[in-house]
$ cat data-v9.cif   # mmCIF, C-alpha atoms
data_target
#
loop_
_atom_site.label_atom_id
_atom_site.label_comp_id
_atom_site.auth_asym_id
_atom_site.auth_seq_id
_atom_site.Cartn_x
_atom_site.Cartn_y
_atom_site.Cartn_z
CA MET A 1 6.19 -48.18 8.87
CA THR A 2 4.08 -48.74 11.95
CA ARG A 3 2.60 -45.81 13.83
CA GLU A 4 5.33 -46.33 16.41
CA ASP A 5 7.99 -46.06 13.71
CA VAL A 6 6.45 -42.81 12.47
CA TYR A 7 6.35 -41.44 16.01
CA ALA A 8 10.03 -42.31 16.44
CA LYS A 9 10.83 -40.21 13.36
CA LEU A 10 8.39 -37.45 14.27
CA GLU A 11 9.29 -36.77 17.88
CA PRO A 12 12.77 -35.22 17.41
CA ILE A 13 11.47 -33.13 14.49
CA PHE A 14 8.51 -31.92 16.51
CA ARG A 15 10.68 -31.05 19.53
CA GLU A 16 13.12 -29.08 17.38
CA LEU A 17 10.51 -27.16 15.40
CA PHE A 18 8.23 -26.40 18.34
CA ASP A 19 10.79 -25.96 21.07
CA GLN A 20 8.55 -23.90 23.34
CA TYR A 21 6.24 -26.87 23.81
CA ASP A 22 7.39 -29.35 26.41
CA GLY A 23 4.22 -31.39 26.96
CA PRO A 24 3.57 -34.93 25.79
CA ILE A 25 3.38 -35.72 22.08
CA THR A 26 0.18 -37.67 21.62
CA ASP A 27 -2.44 -38.52 19.00
CA GLU A 28 -4.81 -35.94 20.50
CA LEU A 29 -2.40 -33.03 20.16
CA THR A 30 -3.65 -30.24 17.86
CA ALA A 31 -2.19 -27.02 16.54
CA ASN A 32 -4.29 -25.16 19.12
CA ASP A 33 -2.20 -26.78 21.87
CA VAL A 34 1.16 -25.69 20.44
CA GLU A 35 1.68 -21.98 19.83
CA GLN A 36 4.48 -22.42 17.29
CA TRP A 37 2.48 -24.97 15.27
CA ASP A 38 1.00 -22.55 12.75
CA SER A 39 0.50 -23.08 9.01
CA LEU A 40 4.16 -22.39 8.20
CA GLY A 41 5.33 -24.63 11.01
CA HIS A 42 2.99 -27.32 9.70
CA VAL A 43 4.68 -27.20 6.29
CA GLN A 44 8.07 -27.50 7.94
CA LEU A 45 6.89 -30.43 10.05
CA VAL A 46 5.37 -32.26 7.09
CA VAL A 47 8.35 -31.80 4.78
CA ALA A 48 10.86 -32.81 7.47
CA LEU A 49 8.78 -35.94 8.15
CA GLU A 50 8.53 -36.64 4.41
CA GLN A 51 12.30 -36.54 4.18
CA GLU A 52 12.72 -38.84 7.18
CA CYS A 53 10.12 -41.35 5.95
CA GLY A 54 10.97 -41.22 2.25
CA VAL A 55 7.45 -40.37 1.06
CA ARG A 56 5.73 -37.29 -0.26
CA CYS A 57 2.28 -35.86 0.51
CA ALA A 58 0.10 -33.59 -1.59
CA PRO A 59 -0.69 -30.32 0.24
CA GLN A 60 -4.41 -31.17 0.30
CA GLU A 61 -3.64 -34.43 2.13
CA VAL A 62 -2.01 -32.65 5.05
CA THR A 63 -4.30 -29.61 5.27
CA GLY A 64 -7.15 -29.72 7.75
CA LEU A 65 -6.04 -32.84 9.60
CA PRO A 66 -7.85 -32.86 12.96
CA ASP A 67 -4.88 -33.81 15.16
CA LEU A 68 -1.38 -35.26 15.25
CA GLY A 69 -2.76 -38.79 15.27
CA ALA A 70 -4.26 -38.22 11.81
CA LEU A 71 -0.87 -37.06 10.51
CA VAL A 72 0.78 -40.16 11.95
CA ASP A 73 -1.93 -42.36 10.37
CA LEU A 74 -1.33 -40.72 7.01
CA PHE A 75 2.41 -41.32 7.10
CA ALA A 76 2.01 -44.88 8.38
CA ALA A 77 -0.35 -45.61 5.47
CA LYS A 78 1.90 -43.94 2.90
CA THR A 79 4.99 -45.81 3.97
CA GLN A 80 3.13 -49.12 3.73
CA ALA A 81 1.75 -48.40 0.27
CA MET B 1 -10.96 -3.28 27.79
CA ASN B 2 -8.28 -5.65 26.51
CA ARG B 3 -4.92 -4.46 25.18
CA LEU B 4 -6.00 -4.63 21.56
CA GLU B 5 -9.18 -2.62 22.07
CA GLN B 6 -7.10 0.29 23.31
CA HIS B 7 -5.88 0.69 19.71
CA SER B 8 -8.95 1.43 17.64
CA THR B 9 -7.61 1.15 14.08
CA LEU B 10 -5.46 -1.90 14.79
CA SER B 11 -8.44 -3.48 16.50
CA ARG B 12 -10.69 -2.73 13.52
CA LEU B 13 -8.25 -4.20 10.98
CA TYR B 14 -7.68 -7.23 13.21
CA ALA B 15 -11.43 -7.90 13.35
CA LEU B 16 -11.74 -7.42 9.59
CA GLN B 17 -8.86 -9.79 8.92
CA LEU B 18 -10.34 -12.54 11.06
CA GLU B 19 -13.78 -11.98 9.55
CA VAL B 20 -12.50 -12.88 6.09
CA PHE B 21 -9.77 -15.29 7.25
CA PRO B 22 -10.94 -16.83 10.55
CA GLU B 23 -8.46 -19.69 10.45
CA HIS B 24 -5.66 -17.13 10.79
CA GLU B 25 -6.55 -16.52 14.44
CA ASP B 26 -4.03 -19.19 15.49
CA PHE B 27 -1.32 -16.96 14.04
CA LEU B 28 -2.66 -13.48 14.75
CA SER B 29 -3.82 -14.00 18.30
CA PRO B 30 -0.36 -14.86 19.72
CA ARG B 31 1.19 -12.21 17.46
CA ILE B 32 -0.84 -9.56 19.26
CA ALA B 33 -0.72 -11.20 22.70
CA ASN B 34 3.09 -11.46 22.60
CA SER B 35 3.59 -7.84 21.47
CA SER B 36 4.73 -5.33 24.05
CA ASP B 37 2.57 -2.31 24.85
CA GLU B 38 5.11 -0.14 23.05
CA HIS B 39 4.97 -2.32 19.93
CA LEU B 40 1.17 -2.18 19.93
CA VAL B 41 1.38 1.62 19.92
CA GLU B 42 3.72 1.40 16.92
CA LEU B 43 1.37 -1.05 15.21
CA GLU B 44 -1.57 1.30 15.79
CA HIS B 45 0.32 4.07 14.01
CA LEU B 46 1.14 1.70 11.16
CA ALA B 47 -2.49 0.54 11.07
CA GLN B 48 -3.68 4.13 10.72
CA VAL B 49 -1.40 4.70 7.73
CA ILE B 50 -2.37 1.39 6.10
CA ALA B 51 -6.07 2.02 6.73
CA ARG B 52 -5.84 5.37 4.95
CA ILE B 53 -3.89 3.93 2.03
CA GLY B 54 -6.42 1.13 1.70
CA GLU B 55 -9.53 3.15 2.43
CA GLY B 56 -12.52 1.86 0.47
CA LYS B 57 -10.91 -1.49 -0.31
CA LEU B 58 -9.81 -2.79 3.07
CA GLU B 59 -11.91 -5.93 2.82
CA THR B 60 -10.34 -6.72 -0.56
CA ILE B 61 -6.89 -6.16 0.91
CA ALA B 62 -7.69 -8.47 3.84
CA ARG B 63 -8.86 -11.15 1.38
CA ASP B 64 -5.74 -10.65 -0.75
CA TYR B 65 -3.62 -11.06 2.36
CA ALA B 66 -5.34 -14.41 3.00
CA TRP B 67 -4.66 -15.37 -0.62
CA LEU B 68 -1.02 -14.33 -0.25
CA THR B 69 -0.48 -16.52 2.81
CA ASN B 70 -1.66 -19.53 0.80
CA GLU B 71 0.65 -18.60 -2.08
CA MET B 72 3.49 -18.35 0.43
CA LEU B 73 2.71 -21.80 1.82
CA GLU B 74 3.02 -23.32 -1.64
CA GLU B 75 6.39 -21.64 -2.05
CA GLU B 76 7.40 -22.84 1.41
CA TYR B 77 6.67 -26.44 0.41
CA TYR B 78 8.92 -26.05 -2.62
CA PHE B 79 11.68 -24.36 -0.63
CA ARG B 80 11.67 -26.98 2.12
CA ARG B 81 11.71 -29.86 -0.36
CA HIS B 82 14.30 -28.52 -2.80
CA GLY B 83 16.33 -26.03 -0.78
CA THR B 84 15.94 -23.38 -3.48
CA TYR B 85 13.36 -20.87 -4.65
CA ARG B 86 11.00 -22.11 -7.36
CA LEU B 87 12.01 -19.40 -9.83
CA SER B 88 15.53 -18.40 -10.69
CA THR B 89 15.26 -15.94 -13.57
CA PHE B 90 13.77 -12.48 -13.93
CA GLU B 91 12.07 -13.63 -17.12
CA GLU B 92 10.10 -16.28 -15.20
CA ALA B 93 9.06 -13.78 -12.54
CA GLU B 94 8.14 -11.24 -15.21
CA ARG B 95 5.97 -13.76 -17.01
CA THR B 96 4.20 -15.23 -13.99
CA VAL B 97 3.94 -12.22 -11.68
CA TYR B 98 4.93 -8.78 -12.95
CA ALA B 99 3.12 -9.00 -16.28
CA ASN B 100 0.01 -10.43 -14.64
CA ALA B 101 -1.80 -7.29 -13.47
CA GLU B 102 -4.44 -9.14 -11.47
CA PHE B 103 -1.88 -11.31 -9.67
CA MET B 104 0.32 -8.28 -9.07
CA GLN B 105 -2.50 -6.24 -7.55
CA LYS B 106 -3.46 -9.01 -5.16
CA TYR B 107 0.18 -9.54 -4.29
CA MET B 108 0.73 -5.85 -3.53
CA ASN B 109 -2.42 -5.71 -1.42
CA GLY B 110 -1.40 -8.80 0.52
CA VAL B 111 2.07 -7.46 1.15
CA LEU B 112 0.58 -4.20 2.45
CA PHE B 113 -1.26 -6.03 5.25
CA SER B 114 1.73 -8.27 5.90
CA HIS B 115 3.48 -5.17 7.21
CA LEU B 116 0.98 -5.18 10.01
CA TRP B 117 0.60 -8.87 10.75
CA TRP B 118 4.14 -10.19 10.28
CA GLY B 119 6.39 -9.06 13.09
CA ASN B 120 9.54 -9.00 10.98
CA HIS B 121 7.85 -6.82 8.34
CA SER B 122 6.40 -4.33 10.81
CA ARG B 123 9.70 -4.02 12.67
CA VAL B 124 11.50 -3.16 9.42
CA ILE B 125 9.05 -0.33 8.74
CA ILE B 126 9.35 0.95 12.30
CA HIS B 127 13.16 0.83 12.16
CA PHE B 128 13.17 2.71 8.85
CA HIS B 129 10.88 5.39 10.24
CA ARG B 130 12.46 5.82 13.65
CA GLU B 131 16.12 5.19 12.99
CA PHE B 132 17.05 5.57 9.34
CA LEU B 133 15.01 8.66 8.49
CA SER B 134 16.19 10.43 11.64
CA ARG B 135 19.83 9.97 10.58
CA ILE B 136 19.78 11.22 7.01
CA LYS B 137 21.05 14.66 6.13
CA GLN B 138 18.67 17.59 6.63
CA GLY B 139 17.07 18.49 3.31
CA ALA B 140 18.14 15.19 1.75
CA HIS B 141 17.26 14.43 -1.83
CA HIS B 142 15.81 11.00 -1.29
CA LEU B 143 15.28 8.17 -3.80
CA GLU B 144 13.44 4.90 -3.36
CA VAL B 145 13.96 2.20 -5.97
CA GLY B 146 10.98 -0.16 -5.98
CA PRO B 147 8.51 1.71 -3.75
CA GLY B 148 5.75 -0.86 -4.42
CA HIS B 149 2.77 -0.16 -2.17
CA GLY B 150 4.25 3.22 -1.24
CA LEU B 151 4.45 2.83 2.53
CA LEU B 152 8.15 3.60 2.89
CA LEU B 153 8.06 6.36 0.29
CA TYR B 154 5.19 7.96 2.16
CA LEU B 155 7.18 7.88 5.40
CA ALA B 156 10.16 9.44 3.62
CA ALA B 157 7.99 12.12 2.03
CA ASN B 158 6.43 12.86 5.41
CA SER B 159 9.81 13.12 7.15
CA PRO B 160 10.93 16.68 7.98
CA ARG B 161 14.47 15.64 7.04
CA THR B 162 13.83 15.03 3.33
CA GLY B 163 13.94 17.97 0.92
CA SER B 164 12.72 16.11 -2.14
CA VAL B 165 11.50 12.58 -2.75
CA THR B 166 11.71 10.43 -5.88
CA GLY B 167 10.45 6.92 -6.58
CA TRP B 168 11.47 4.61 -9.41
CA ASP B 169 9.78 1.33 -10.20
CA VAL B 170 9.64 -1.04 -13.17
CA SER B 171 6.03 -1.96 -12.52
CA ALA B 172 3.15 0.26 -13.67
CA THR B 173 0.95 -1.37 -11.01
CA SER B 174 3.47 -0.47 -8.32
CA LEU B 175 3.75 3.11 -9.50
CA ARG B 176 -0.03 3.44 -9.54
CA ASP B 177 -0.25 2.07 -5.99
CA THR B 178 2.55 4.34 -4.82
CA ARG B 179 0.84 7.39 -6.33
CA HIS B 180 -2.45 6.39 -4.74
CA ALA B 181 -0.80 5.90 -1.33
CA LEU B 182 0.80 9.35 -1.44
CA GLU B 183 -2.47 10.99 -2.49
CA ALA B 184 -4.45 9.11 0.16
CA MET B 185 -2.04 10.28 2.83
CA GLY B 186 -2.22 13.88 1.62
CA VAL B 187 1.52 14.23 1.15
CA GLN B 188 2.38 17.89 0.63
CA LYS B 189 5.97 17.55 -0.49
CA PRO B 190 6.43 17.20 -4.25
CA VAL B 191 7.21 13.60 -5.15
CA THR B 192 8.59 12.48 -8.51
CA LEU B 193 7.50 9.02 -9.64
CA GLU B 194 9.09 7.53 -12.73
CA ALA B 195 9.18 4.18 -14.52
CA HIS B 196 12.79 3.00 -14.60
CA ASN B 197 14.56 -0.32 -14.50
CA ILE B 198 17.61 -0.32 -12.26
CA VAL B 199 19.52 -2.03 -15.07
CA ASP B 200 19.32 1.12 -17.20
CA ALA B 201 18.74 3.74 -14.53
CA PRO B 202 19.25 7.38 -15.47
CA SER B 203 22.04 9.32 -13.86
CA GLY B 204 21.28 11.39 -10.79
CA LYS B 205 22.65 12.26 -7.42
CA PHE B 206 20.81 11.66 -4.18
CA ASP B 207 21.65 11.92 -0.49
CA SER B 208 19.68 8.95 0.75
CA LEU B 209 18.24 5.87 -0.85
CA THR B 210 15.78 3.12 0.09
CA PHE B 211 16.09 -0.31 -1.50
CA SER B 212 13.62 -2.52 0.31
CA GLU B 213 12.63 -6.01 -0.78
CA VAL B 214 14.12 -5.67 -4.25
CA LEU B 215 17.46 -7.52 -4.14
CA GLU B 216 15.79 -10.92 -3.90
CA HIS B 217 13.91 -10.16 -7.15
CA LEU B 218 17.08 -9.67 -9.17
CA GLU B 219 19.35 -12.08 -11.01
CA GLN B 220 22.36 -9.83 -10.46
CA PRO B 221 21.80 -8.03 -7.14
CA ARG B 222 25.50 -7.16 -6.87
CA ASP B 223 25.36 -5.10 -10.06
CA ALA B 224 22.22 -3.32 -8.88
CA LEU B 225 23.90 -2.24 -5.65
CA LYS B 226 26.86 -0.87 -7.61
CA THR B 227 24.44 1.13 -9.75
CA LEU B 228 22.79 2.49 -6.61
CA ARG B 229 26.18 3.51 -5.25
CA SER B 230 26.70 5.60 -8.39
CA LEU B 231 23.42 7.39 -7.71
CA LEU B 232 24.45 8.52 -4.23
CA ASN B 233 26.66 11.42 -3.27
CA ASP B 234 29.71 10.52 -1.18
CA GLY B 235 28.51 10.24 2.40
CA GLY B 236 24.99 9.42 1.23
CA LYS B 237 23.04 6.81 3.17
CA ILE B 238 21.47 3.63 1.85
CA PHE B 239 18.80 1.53 3.55
CA VAL B 240 18.83 -2.00 2.16
CA HIS B 241 16.24 -4.49 3.32
CA ALA B 242 16.21 -8.01 1.92
CA PRO B 243 14.95 -11.33 3.24
CA VAL B 244 16.97 -14.44 3.94
CA ASN B 245 15.37 -17.87 3.27
CA SER B 246 12.11 -16.30 2.21
CA PRO B 247 10.28 -18.22 -0.53
CA ALA B 248 7.69 -16.13 -2.40
CA PRO B 249 6.09 -16.24 -5.86
CA ASP B 250 8.61 -13.83 -7.40
CA HIS B 251 11.75 -14.27 -5.33
CA ILE B 252 14.59 -15.51 -7.50
CA TYR B 253 17.81 -14.77 -5.59
CA LEU B 254 18.24 -16.83 -2.43
CA PHE B 255 20.21 -15.30 0.41
CA ARG B 256 20.96 -18.10 2.86
CA GLU B 257 22.61 -15.95 5.55
CA PRO B 258 22.33 -12.24 6.47
CA GLU B 259 26.09 -11.87 6.01
CA GLU B 260 25.74 -12.44 2.26
CA ILE B 261 23.68 -9.23 2.03
CA VAL B 262 26.12 -7.30 4.22
CA GLU B 263 29.08 -8.34 2.06
CA MET B 264 27.25 -7.42 -1.11
CA VAL B 265 26.49 -3.92 0.19
CA ARG B 266 30.08 -3.48 1.35
CA ASP B 267 31.50 -4.66 -1.98
CA ALA B 268 29.34 -2.13 -3.82
CA GLY B 269 31.20 0.75 -2.15
CA PHE B 270 29.53 1.32 1.18
CA ALA B 271 30.85 1.44 4.74
CA ILE B 272 28.45 -0.58 6.88
CA ASP B 273 26.79 1.57 9.56
CA GLU B 274 24.61 -1.15 11.01
CA THR B 275 23.02 -4.52 10.36
CA VAL B 276 19.72 -5.41 11.98
CA ASN B 277 18.07 -8.82 11.71
CA PHE B 278 14.41 -9.44 12.41
CA PRO B 279 13.61 -13.18 12.25
CA GLY B 280 10.13 -14.18 11.17
CA MET B 281 7.70 -15.97 13.47
CA ASP B 282 9.27 -14.09 16.40
CA ALA B 283 12.05 -16.68 16.48
CA SER B 284 15.46 -15.95 17.95
CA LEU B 285 18.20 -15.26 15.40
CA GLU B 286 20.02 -18.44 16.43
CA ARG B 287 16.88 -20.51 15.93
CA ALA B 288 16.08 -18.82 12.62
CA ARG B 289 19.56 -19.62 11.31
CA LYS B 290 19.38 -23.22 12.50
CA LEU B 291 15.95 -23.94 11.01
CA LYS B 292 16.44 -21.75 7.92
CA LEU B 293 13.51 -19.55 8.84
CA THR B 294 12.94 -16.21 7.16
CA ILE B 295 15.05 -13.34 8.47
CA SER B 296 14.38 -9.76 7.40
CA THR B 297 17.81 -8.18 7.20
CA ILE B 298 18.42 -4.45 7.19
CA VAL B 299 21.80 -3.09 6.16
CA VAL B 300 22.44 0.63 6.46
CA GLY B 301 25.51 1.91 4.67
CA THR B 302 27.36 5.12 3.91
CA ALA B 303 28.60 5.72 0.35
CA ILE B 304 32.41 5.95 0.39
#

$ encode --input "data-v9.cif" --output "C-alpha cells"
Amino acid sequence: MTREDVYAKLEPIFRELFDQYDGPITDELTANDVEQWDSLGHVQLVVALEQECGVRCAPQEVTGLPDLGALVDLFAAKTQA
Amino acid sequence: MNRLEQHSTLSRLYALQLEVFPEHEDFLSPRIANSSDEHLVELEHLAQVIARIGEGKLETIARDYAWLTNEMLEEEYYFRRHGTYRLSTFEEAERTVYANAEFMQKYMNGVLFSHLWWGNHSRVIIHFHREFLSRIKQGAHHLEVGPGHGLLLYLAANSPRTGSVTGWDVSATSLRDTRHALEAMGVQKPVTLEAHNIVDAPSGKFDSLTFSEVLEHLEQPRDALKTLRSLLNDGGKIFVHAPVNSPAPDHIYLFREPEEIVEMVRDAGFAIDETVNFPGMDASLERARKLKLTISTIVVGTAI
C-alpha cells in the first residue's frame, strides 16, 4: 500500500475512535494533540488498522512512534513487504 | 492555586504517580481537568483512604499501577485482535495469577490506585459508599465475597448502618491485604475474615452482600450468584459490580453487554433495584457500546 492508501484506511478509523477531535489528520499529528488518543486508544487504532490492512505489528513496533506519519510509514512498509 | 492543589492528598498522590510514571500525564491530566469540583472532593476523600491503606509503600503501589497499565495494554491487544479474553478457565488464571504471589501483590497494588485514576473505578466506589450503603437495613449483617484490597469492606465496616462485617476470599494475598487495610484505617467494628471459595461456601445468612469484580473471574458466574442468593435473607440487598469488555490478566468470563449481568442477577433470584453503568475513558454509554469499550456495571438487587 502507498501512504495514501494507508491514510484512506486510517482516516475513518481515526475519526470514529477520536470523535472529539475535528482538526486535520496529518503526518505531524501526535497523541498530545488529541485528548482521546491515549495508550488504550492507540492499541485500538493500531489493531483496527491492522485488520483493515491485513498485517500485524509487534507491540514494540508501535510504541513510542513520534507522530502519525511514523505510524503510516510503518503500515505502508509492512503492506509492501 | 489550581484546582488540584486544593486537594492535598490527591495532589500528593498525583505528583507521586507522575514521578514514577511520567508518560501517564497524557491520561491523568485530562482525567483531573475534566473532573467536576464535586468529583475532585470525592476523589480527595478516596485518596485519603488509599493513602492510609498504602502508607509506607505508596511509591511501590504507584510503580505497580504503572506495571498494571502495561499488563492491561497487552490484554487489550489480545482482546481487540481476537474478540475474546486471553484466558477462559479458572485453572489458567489460578496458575498464572492467583498462585503467583509476587504477580498477585503487584496486581492488587495496581488495582488499588486504579480506583483513583480510572473514572469508572472511582465512580463505582463512590456509588457504593453514597448510595448502596445508605440503603441497607440498619444493623445489617454484611458479607463481601472477594474483598481483595479491602477498600469496599473498609467502607462497609465504617458505615453506621452495618452491625457486623464479614469478608470471604479464596486468595491468602487478598485476605492479608484486606486485614492490613482494615487495621491501617483503624476500623473499630469487629470484622470476620475467612478463606472460602464461593463454590463450597459455608451456610450463613446475611442482610447485605458485596460482590465486586468477581463475576468476570469465574467460569460459572450464574452458579455463584445463585449461591450468593442462598446466603441472603429475603429482602437482603446485593451489590454486584462487574466489567463489560474489560480484558485483564485474570478475567475469564466475557460480558459483552451490561444487560447480560442484569439478567444473570435476576435469574439468580433477585428483583433488580437499579443498574448503573460507568463507561471507561469517560466515554458516553452509547459510544462505549459501539466501540466495545470497558463499562463498569453495577447491579443492585433485592433477594426475593

$ interface_residues --input "data-v9.cif" --of "chain B" --to "chain A" --cutoff "12 Å" --atoms "all atoms listed in the file" --output "ChimeraX atom specification"
/B:23-31,33-34,69-83,246-247,280-284,287-288,290-294

$ write_last_selection --input "data-v9.cif" --atoms "C-alpha atoms" --output "tab-separated table (two decimals), in the coordinates of the input"
chain	number	residue	atom	x	y	z
B	23	GLU	CA	-8.46	-19.69	10.45
B	24	HIS	CA	-5.66	-17.13	10.79
B	25	GLU	CA	-6.55	-16.52	14.44
B	26	ASP	CA	-4.03	-19.19	15.49
B	27	PHE	CA	-1.32	-16.96	14.04
B	28	LEU	CA	-2.66	-13.48	14.75
B	29	SER	CA	-3.82	-14.00	18.30
B	30	PRO	CA	-0.36	-14.86	19.72
B	31	ARG	CA	1.19	-12.21	17.46
B	33	ALA	CA	-0.72	-11.20	22.70
B	34	ASN	CA	3.09	-11.46	22.60
B	69	THR	CA	-0.48	-16.52	2.81
B	70	ASN	CA	-1.66	-19.53	0.80
B	71	GLU	CA	0.65	-18.60	-2.08
B	72	MET	CA	3.49	-18.35	0.43
B	73	LEU	CA	2.71	-21.80	1.82
B	74	GLU	CA	3.02	-23.32	-1.64
B	75	GLU	CA	6.39	-21.64	-2.05
B	76	GLU	CA	7.40	-22.84	1.41
B	77	TYR	CA	6.67	-26.44	0.41
B	78	TYR	CA	8.92	-26.05	-2.62
B	79	PHE	CA	11.68	-24.36	-0.63
B	80	ARG	CA	11.67	-26.98	2.12
B	81	ARG	CA	11.71	-29.86	-0.36
B	82	HIS	CA	14.30	-28.52	-2.80
B	83	GLY	CA	16.33	-26.03	-0.78
B	246	SER	CA	12.11	-16.30	2.21
B	247	PRO	CA	10.28	-18.22	-0.53
B	280	GLY	CA	10.13	-14.18	11.17
B	281	MET	CA	7.70	-15.97	13.47
B	282	ASP	CA	9.27	-14.09	16.40
B	283	ALA	CA	12.05	-16.68	16.48
B	284	SER	CA	15.46	-15.95	17.95
B	287	ARG	CA	16.88	-20.51	15.93
B	288	ALA	CA	16.08	-18.82	12.62
B	290	LYS	CA	19.38	-23.22	12.50
B	291	LEU	CA	15.95	-23.94	11.01
B	292	LYS	CA	16.44	-21.75	7.92
B	293	LEU	CA	13.51	-19.55	8.84
B	294	THR	CA	12.94	-16.21	7.16

$ resolve_selection --input "data-v9.cif" --expression "the PyMOL selection byres ((chain B and resi 301) around 9)" --output "list of chain:residue names"
B:Gly236, B:Lys237, B:Ile238, B:Phe239, B:Val240, B:Val265, B:Arg266, B:Gly269, B:Phe270, B:Ala271, B:Ile272, B:Asp273, B:Glu274, B:Thr275, B:Val299, B:Val300, B:Thr302, B:Ala303

$ closest_residue --input "data-v9.cif" --among "A:Asp22, A:Glu11, A:Glu4, A:Glu28" --to "Leu65 (chain A)" --atoms "only C-alpha atoms"
A:Glu28

$ residues_around --input "data-v9.cif" --residues "Asp67 (chain A)" --least-positions-apart "5" --cutoff "7 Å" --atoms "only C-alpha atoms" --output "count of residues only"
4

$ residues_around --input "data-v9.cif" --residues "Leu16 (chain B)" --least-positions-apart "4" --cutoff "10 Å" --atoms "only C-alpha atoms" --output "list in words"
Leu10, Ser11, Arg12, Val20, Phe21, Pro22, Leu58, Glu59, Ala62 and Arg63 of chain B

$ residues_around --input "data-v9.cif" --residues "Ala268 (chain B)" --least-positions-apart "6" --cutoff "12 Å" --atoms "only C-alpha atoms" --output "ChimeraX atom specification"
/B:221-232,238,261-262,301-304

$ atom_distance --input "data-v9.cif" --atom1 "CA of Thr96 (chain B)" --atom2 "CA of Phe278 (chain B)"
28.9 Å

$ resolve_selection --input "data-v9.cif" --expression "the PyMOL selection byres ((chain A and resi 78) around 10)" --output "PyMOL selection string"
chain A and resi 1+50+53-57+72-77+79-81

$ atom_distance --input "data-v9.cif" --atom1 "CA of Asp169 (chain B)" --atom2 "CA of Val145 (chain B)"
6.0 Å

$ resolve_selection --input "data-v9.cif" --expression "the PyMOL selection byres ((chain B and resi 173-175) around 12)" --output "PyMOL selection string"
chain B and resi 97-109+111-112+144-151+153+166-172+176-182+191-196

$ atom_distance --input "data-v9.cif" --atom1 "CA of Trp118 (chain B)" --atom2 "CA of Arg289 (chain B)"
18.1 Å

$ closest_residue --input "data-v9.cif" --among "A:Leu49, A:Ala8, A:Ile13, A:Ile25" --to "Val62 (chain A)" --atoms "only C-alpha atoms"
A:Leu49

$ closest_residue --input "data-v9.cif" --among "B:Leu13, B:Gly119, B:Leu133, B:Ile295" --to "Asn245 (chain B)" --atoms "all atoms listed in the file"
B:Ile295

$ residues_around --input "data-v9.cif" --residues "Leu4 (chain B)" --least-positions-apart "2" --cutoff "10 Å" --atoms "only C-alpha atoms" --output "ChimeraX atom specification"
/B:1-2,6-12,14,32-33,37,40-41,44

$ write_last_selection --input "data-v9.cif" --atoms "C-alpha atoms" --output "compact mmCIF listing (two decimals), in the frame of the given file"
# COMPACT_ATOMS: atom_id res chain seq x y z
CA MET B 1 -10.96 -3.28 27.79
CA ASN B 2 -8.28 -5.65 26.51
CA GLN B 6 -7.10 0.29 23.31
CA HIS B 7 -5.88 0.69 19.71
CA SER B 8 -8.95 1.43 17.64
CA THR B 9 -7.61 1.15 14.08
CA LEU B 10 -5.46 -1.90 14.79
CA SER B 11 -8.44 -3.48 16.50
CA ARG B 12 -10.69 -2.73 13.52
CA TYR B 14 -7.68 -7.23 13.21
CA ILE B 32 -0.84 -9.56 19.26
CA ALA B 33 -0.72 -11.20 22.70
CA ASP B 37 2.57 -2.31 24.85
CA LEU B 40 1.17 -2.18 19.93
CA VAL B 41 1.38 1.62 19.92
CA GLU B 44 -1.57 1.30 15.79

$ axis_aligned_box --input "data-v9.cif" --around "region 43-48 of chain A" --padding-each-side "6 Å" --output "lines of an AutoDock Vina configuration file"
center_x = 7.8
center_y = -30.0
center_z = 7.4
size_x = 18.2
size_y = 17.6
size_z = 17.3

$ closest_residue --input "data-v9.cif" --among "A:Arg15, A:Gln20, A:Glu52, A:Tyr7" --to "Ala70 (chain A)" --atoms "all atoms listed in the file"
A:Tyr7

$ closest_residue --input "data-v9.cif" --among "B:Met264, B:Leu285, B:Ala140, B:Leu155" --to "Asp207 (chain B)" --atoms "all atoms listed in the file"
B:Ala140

$ closest_residue --input "data-v9.cif" --among "B:Gly186, B:Thr210, B:Gly139, B:Glu131" --to "Leu152 (chain B)" --atoms "only C-alpha atoms"
B:Thr210
